[in-house]
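Asks: CSV, C-alpha atoms, file query.csv:
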chain,number,residue,atom,x,y,z
A,790,MET,CA,-53.4,-80.6,-259.8
A,791,ALA,CA,-51.5,-77.4,-260.1
A,792,ALA,CA,-49.1,-76.4,-257.4
A,793,VAL,CA,-49.9,-73.3,-255.4
A,794,SER,CA,-47.1,-70.8,-255.1
A,795,ARG,CA,-46.0,-69.3,-251.9
A,796,PHE,CA,-47.3,-65.9,-253.1
A,797,GLY,CA,-50.7,-67.4,-253.8
A,798,VAL,CA,-50.9,-68.8,-250.3
A,799,ARG,CA,-49.9,-65.4,-248.8
A,800,VAL,CA,-52.5,-63.6,-250.9
A,801,ARG,CA,-55.2,-66.0,-249.6
A,802,LEU,CA,-54.1,-65.8,-246.0
A,803,ALA,CA,-53.8,-62.0,-245.9
A,804,PRO,CA,-57.6,-61.2,-245.6
A,805,MET,CA,-57.9,-63.8,-242.8
A,806,LEU,CA,-54.9,-62.3,-241.0
A,807,LEU,CA,-56.4,-58.8,-241.3
A,808,LEU,CA,-59.7,-60.0,-239.8
A,809,VAL,CA,-57.9,-61.6,-236.8
A,810,LEU,CA,-55.8,-58.5,-236.3
A,811,ALA,CA,-58.9,-56.3,-236.5
A,812,ALA,CA,-60.8,-58.4,-234.0
A,813,THR,CA,-58.0,-58.4,-231.5
A,814,ALA,CA,-57.2,-54.7,-232.0
A,815,CYS,CA,-60.7,-53.8,-231.0
A,816,GLY,CA,-59.7,-54.6,-227.5
A,817,GLY,CA,-59.3,-57.2,-224.9
A,818,GLY,CA,-63.0,-56.5,-224.1
A,819,GLY,CA,-62.4,-53.9,-221.4
A,820,VAL,CA,-64.0,-53.5,-218.1
A,821,ARG,CA,-67.5,-54.1,-219.4
A,822,ASP,CA,-66.6,-57.6,-220.6
A,823,TYR,CA,-64.7,-58.4,-217.4
A,824,ILE,CA,-67.7,-57.5,-215.3
A,825,ALA,CA,-70.1,-59.4,-217.5
A,826,ASP,CA,-67.8,-62.5,-217.3
A,827,THR,CA,-67.3,-62.2,-213.5
A,828,TYR,CA,-70.6,-61.1,-212.0
A,829,ALA,CA,-74.3,-62.2,-212.3
A,830,LEU,CA,-76.5,-60.0,-214.5
A,831,GLN,CA,-79.4,-58.7,-212.4
A,832,ASN,CA,-81.1,-56.4,-215.0
A,833,THR,CA,-80.7,-54.2,-218.0
A,834,ALA,CA,-82.1,-50.7,-218.5
A,835,GLY,CA,-81.2,-49.2,-221.9
A,836,ASP,CA,-77.4,-49.2,-222.1
A,837,ALA,CA,-76.9,-49.7,-218.4
A,838,LYS,CA,-76.5,-53.1,-216.8
A,839,THR,CA,-76.6,-54.0,-213.2
A,840,TYR,CA,-74.7,-57.1,-211.9
A,841,THR,CA,-74.5,-58.7,-208.4
A,842,SER,CA,-71.4,-59.6,-206.6
A,843,ASN,CA,-71.2,-61.8,-203.4
A,844,ASP,CA,-68.3,-59.7,-202.2
A,845,PRO,CA,-68.5,-56.4,-200.3
A,846,VAL,CA,-68.0,-53.1,-202.1
A,847,GLY,CA,-64.3,-52.7,-201.3
A,848,THR,CA,-63.4,-56.3,-202.5
A,849,THR,CA,-65.5,-55.9,-205.7
A,850,VAL,CA,-63.9,-52.6,-206.5
A,851,SER,CA,-60.4,-53.9,-205.9
A,852,ASN,CA,-61.0,-56.9,-208.2
A,853,ILE,CA,-62.3,-54.6,-211.0
A,854,VAL,CA,-59.5,-52.1,-210.6
A,855,ALA,CA,-56.9,-54.9,-210.6
A,856,GLU,CA,-58.3,-56.0,-214.0
A,857,GLU,CA,-58.3,-52.5,-215.5
A,858,GLU,CA,-57.2,-49.3,-213.9
A,859,PRO,CA,-59.9,-46.5,-214.2
A,860,ALA,CA,-59.1,-43.0,-215.5
A,861,ALA,CA,-60.8,-41.6,-212.4
A,862,ARG,CA,-62.0,-43.1,-209.1
A,863,LYS,CA,-64.1,-41.6,-206.3
A,864,ALA,CA,-65.8,-42.9,-203.1
A,865,ASP,CA,-69.0,-41.2,-202.1
A,866,GLY,CA,-71.6,-42.2,-199.6
A,867,GLY,CA,-70.6,-45.9,-199.4
A,868,SER,CA,-70.4,-46.2,-203.2
A,869,GLU,CA,-67.4,-46.3,-205.5
A,870,TYR,CA,-67.4,-44.7,-208.9
A,871,LEU,CA,-64.9,-45.7,-211.6
A,872,ARG,CA,-64.6,-43.8,-214.8
A,873,TYR,CA,-63.2,-45.6,-217.9
A,874,ASP,CA,-62.9,-44.3,-221.4
A,875,ASP,CA,-66.3,-45.6,-222.5
A,876,ASP,CA,-68.1,-46.5,-219.2
A,877,ILE,CA,-68.9,-45.4,-215.7
A,878,VAL,CA,-68.9,-48.2,-213.1
A,879,THR,CA,-70.8,-47.7,-209.9
A,880,VAL,CA,-70.3,-50.2,-207.1
A,881,SER,CA,-72.7,-49.9,-204.1
A,882,ALA,CA,-73.8,-52.1,-201.2
A,883,GLY,CA,-76.1,-54.9,-202.2
A,884,PRO,CA,-78.3,-57.3,-200.3
A,885,GLY,CA,-76.7,-59.8,-197.9
A,886,GLY,CA,-73.4,-58.0,-197.7
A,887,GLY,CA,-72.7,-58.3,-201.4
A,888,SER,CA,-72.5,-55.5,-204.0
A,889,LEU,CA,-74.4,-54.1,-206.9
A,890,VAL,CA,-72.2,-53.2,-209.9
A,891,ARG,CA,-73.8,-50.9,-212.4
A,892,VAL,CA,-72.1,-50.3,-215.8
A,893,GLU,CA,-73.4,-47.5,-218.0
A,894,ASP,CA,-72.2,-45.9,-221.2
A,895,ILE,CA,-70.3,-42.7,-220.7
A,896,ASP,CA,-72.5,-40.9,-223.2
A,897,GLY,CA,-75.5,-41.0,-220.9
A,898,ARG,CA,-75.6,-39.2,-217.5
A,899,TYR,CA,-71.9,-38.5,-217.6
A,900,ARG,CA,-72.1,-36.2,-220.7
A,901,SER,CA,-75.0,-34.3,-219.2
A,902,GLY,CA,-73.1,-33.7,-215.9
A,903,GLY,CA,-74.8,-36.4,-213.8
A,904,PHE,CA,-71.5,-37.2,-212.1
A,905,ALA,CA,-70.1,-33.7,-211.8
A,906,TYR,CA,-70.6,-33.7,-208.0
A,907,LEU,CA,-67.8,-36.3,-207.8
A,908,GLY,CA,-65.3,-33.6,-208.9
A,909,PRO,CA,-62.3,-33.8,-211.2
A,910,GLY,CA,-62.3,-36.7,-213.6
A,911,PHE,CA,-66.1,-36.9,-213.5
A,912,ASN,CA,-66.9,-33.5,-215.0
A,913,PRO,CA,-67.7,-33.6,-218.7
A,914,GLY,CA,-64.6,-32.6,-220.5
A,915,SER,CA,-62.4,-32.9,-217.5
A,916,PRO,CA,-58.9,-34.5,-217.8
A,917,ALA,CA,-58.8,-38.2,-218.2
A,918,GLY,CA,-56.0,-38.9,-215.7
A,919,GLY,CA,-53.6,-37.4,-213.4
A,920,ALA,CA,-53.6,-37.0,-209.6
A,921,SER,CA,-56.9,-35.2,-209.7
A,922,GLY,CA,-58.6,-38.3,-211.0
A,923,SER,CA,-57.4,-40.7,-208.3
A,924,GLY,CA,-60.3,-39.5,-206.2
A,925,GLY,CA,-61.6,-39.1,-202.8
A,926,SER,CA,-60.8,-39.2,-199.2
A,927,GLY,CA,-60.8,-42.9,-199.0
A,928,SER,CA,-62.4,-46.0,-200.3
A,929,ALA,CA,-65.8,-47.6,-199.5
A,930,LYS,CA,-64.2,-50.7,-198.1
Can you turn what I pasted into structure tokens?

Replies:
Amino acid sequence: MAAVSRFGVRVRLAPMLLLVLAATACGGGGVRDYIADTYALQNTAGDAKTYTSNDPVGTTVSNIVAEEEPAARKADGGSEYLRYDDDIVTVSAGPGGGSLVRVEDIDGRYRSGGFAYLGPGFNPGSPAGGASGSGGSGSAK
């Protein structure tokens, strides 16, 4: 049997290393994966998914934000809205004191101005961060 040179081993390992790096560079999954791994899926409608949490709105939001800080956050009418680079997360009161967590792609209602009433950070084309995106006069806790 012929011996394999170190160079030959490196050449064979390079494509595998590139695949591993590409897979990990695509992200640690983001908020969508965290929510899917943490809460029970209730239903799916197009690109939006609704999950249930046994915790109240404030606790659920705190857990999500602790996992990944949103670009903008706003409380409105007992619901909390979290805007991420690719998703809008809405946490509202659910049955039995729990919460409903809706995750939808930012290309849907967000791009058409569906969340513009929430103000800075939720208007299409608005800045992704800054003090204006920290949102609201309080939290739905």

Asks: Taking (-70.1, -51.2, -215.9) in the file's own coordinates, collect the residues within 6 Å, counting all atoms listed in the file, and hand them back as JSON, numbers by chain.

Replies: {"A": [821, 877, 878, 891, 892, 893]}

Asks: Could you tell me which of A:Asp826, A:Val846, A:Ala837, A:Ala864 comes closest to Asp894 of chain A if we count all atoms listed in the file?

Replies: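 Of A:Asp826, A:Val846, A:Ala837, A:Ala864, the one nearest Asp894 of chain A, counting all atoms listed in the file, is A:Ala837.
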
Asks: From the list A:Ala882, A:Asp896, A:Ser888, A:Ile824, which residue is nearest Glu856 of chain A when using all atoms listed in the file?

Replies: A:Ile824

Asks: List as a ChimeraX atom specification the residues having at least one atom at most 12 Å from position (-76.4, -57.6, -216.7) as given in the file, counting only C-alpha atoms.

Replies: /A:821-842,889-893

Asks: So how far away is atom CA of Asp844 of chain A from atom CA of Val880 of chain A, in Å?

Replies: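 Pair atom CA of Val880 of chain A / atom CA of Asp844 of chain A returns 10.9 Å.
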
Asks: Taking 3 positions as the minimum chain separation for residues in the same chain, which residues sit within 9 Å of Tyr873 of chain A when counting only C-alpha atoms? Answer as an MDAnalysis selection string.

Replies: chainID A and resid 820 857:861 876:878 895 917

Asks: Using the selection just defined, write its residues with C-alpha atoms as a PDB file, in the coordinates of the input.

Replies:
ATOM      1  CA  VAL A 820     -64.000 -53.500-218.100  1.00  0.00           C
ATOM      2  CA  GLU A 857     -58.300 -52.500-215.500  1.00  0.00           C
ATOM      3  CA  GLU A 858     -57.200 -49.300-213.900  1.00  0.00           C
ATOM      4  CA  PRO A 859     -59.900 -46.500-214.200  1.00  0.00           C
ATOM      5  CA  ALA A 860     -59.100 -43.000-215.500  1.00  0.00           C
ATOM      6  CA  ALA A 861     -60.800 -41.600-212.400  1.00  0.00           C
ATOM      7  CA  ASP A 876     -68.100 -46.500-219.200  1.00  0.00           C
ATOM      8  CA  ILE A 877     -68.900 -45.400-215.700  1.00  0.00           C
ATOM      9  CA  VAL A 878     -68.900 -48.200-213.100  1.00  0.00           C
ATOM     10  CA  ILE A 895     -70.300 -42.700-220.700  1.00  0.00           C
ATOM     11  CA  ALA A 917     -58.800 -38.200-218.200  1.00  0.00           C
TER      12      ALA A 917
END

Asks: For a test of reading the model, state the distance in Å between atom CA of Gly819 of chain A and atom CA of Gly885 of chain A, rounded to one decimal.

Replies: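 Going from atom CA of Gly819 of chain A over to atom CA of Gly885 of chain A, I get 28.1 Å.
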
Asks: Given the choices A:Thr848, A:Ser881, A:Gly886, A:Val854, which gets closest to Gly866 of chain A if the distance is worked out from all atoms listed in the file?

Replies: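 Under the stated criterion, the closest residue is A:Ser881.
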
Asks: Could you model N, CA, C and O atoms for segment 863-877 of chain A and present them as an mmCIF file, in the coordinates of the input?

Replies:
data_model
loop_
_atom_site.group_PDB
_atom_site.id
_atom_site.type_symbol
_atom_site.label_atom_id
_atom_site.label_comp_id
_atom_site.auth_asym_id
_atom_site.auth_seq_id
_atom_site.Cartn_x
_atom_site.Cartn_y
_atom_site.Cartn_z
ATOM 1 N N LYS A 863 -63.589 -42.423 -207.399
ATOM 2 C CA LYS A 863 -64.100 -41.600 -206.300
ATOM 3 C C LYS A 863 -64.994 -42.432 -205.413
ATOM 4 O O LYS A 863 -65.821 -43.190 -205.916
ATOM 5 N N ALA A 864 -64.857 -42.283 -204.107
ATOM 6 C CA ALA A 864 -65.800 -42.900 -203.100
ATOM 7 C C ALA A 864 -66.715 -41.806 -202.655
ATOM 8 O O ALA A 864 -66.292 -40.683 -202.375
ATOM 9 N N ASP A 865 -68.003 -42.138 -202.543
ATOM 10 C CA ASP A 865 -69.000 -41.200 -202.100
ATOM 11 C C ASP A 865 -70.169 -41.892 -201.475
ATOM 12 O O ASP A 865 -70.835 -42.669 -202.166
ATOM 13 N N GLY A 866 -70.422 -41.671 -200.201
ATOM 14 C CA GLY A 866 -71.600 -42.200 -199.600
ATOM 15 C C GLY A 866 -71.690 -43.743 -199.583
ATOM 16 O O GLY A 866 -72.770 -44.295 -199.734
ATOM 17 N N GLY A 867 -70.576 -44.424 -199.447
ATOM 18 C CA GLY A 867 -70.600 -45.900 -199.400
ATOM 19 C C GLY A 867 -70.537 -46.522 -200.803
ATOM 20 O O GLY A 867 -70.537 -47.744 -200.915
ATOM 21 N N SER A 868 -70.519 -45.729 -201.842
ATOM 22 C CA SER A 868 -70.400 -46.200 -203.200
ATOM 23 C C SER A 868 -69.064 -45.833 -203.788
ATOM 24 O O SER A 868 -68.483 -44.833 -203.376
ATOM 25 N N GLU A 869 -68.598 -46.603 -204.725
ATOM 26 C CA GLU A 869 -67.400 -46.300 -205.500
ATOM 27 C C GLU A 869 -67.741 -46.053 -206.905
ATOM 28 O O GLU A 869 -68.549 -46.793 -207.481
ATOM 29 N N TYR A 870 -67.146 -45.012 -207.495
ATOM 30 C CA TYR A 870 -67.400 -44.700 -208.900
ATOM 31 C C TYR A 870 -66.069 -44.781 -209.638
ATOM 32 O O TYR A 870 -65.064 -44.201 -209.232
ATOM 33 N N LEU A 871 -66.090 -45.521 -210.737
ATOM 34 C CA LEU A 871 -64.900 -45.700 -211.600
ATOM 35 C C LEU A 871 -65.233 -45.241 -212.970
ATOM 36 O O LEU A 871 -66.212 -45.693 -213.578
ATOM 37 N N ARG A 872 -64.422 -44.297 -213.472
ATOM 38 C CA ARG A 872 -64.600 -43.800 -214.800
ATOM 39 C C ARG A 872 -63.600 -44.405 -215.760
ATOM 40 O O ARG A 872 -62.398 -44.315 -215.515
ATOM 41 N N TYR A 873 -64.077 -45.020 -216.812
ATOM 42 C CA TYR A 873 -63.200 -45.600 -217.900
ATOM 43 C C TYR A 873 -63.477 -44.768 -219.131
ATOM 44 O O TYR A 873 -64.349 -43.899 -219.156
ATOM 45 N N ASP A 874 -62.736 -45.052 -220.188
ATOM 46 C CA ASP A 874 -62.900 -44.300 -221.400
ATOM 47 C C ASP A 874 -64.319 -44.318 -221.959
ATOM 48 O O ASP A 874 -64.812 -43.312 -222.444
ATOM 49 N N ASP A 875 -64.977 -45.466 -221.872
ATOM 50 C CA ASP A 875 -66.300 -45.600 -222.500
ATOM 51 C C ASP A 875 -67.411 -45.876 -221.442
ATOM 52 O O ASP A 875 -68.576 -45.952 -221.814
ATOM 53 N N ASP A 876 -67.069 -46.090 -220.178
ATOM 54 C CA ASP A 876 -68.100 -46.500 -219.200
ATOM 55 C C ASP A 876 -67.852 -45.849 -217.841
ATOM 56 O O ASP A 876 -66.736 -45.491 -217.474
ATOM 57 N N ILE A 877 -68.956 -45.744 -217.107
ATOM 58 C CA ILE A 877 -68.900 -45.400 -215.700
ATOM 59 C C ILE A 877 -69.380 -46.649 -214.953
ATOM 60 O O ILE A 877 -70.411 -47.243 -215.280
#
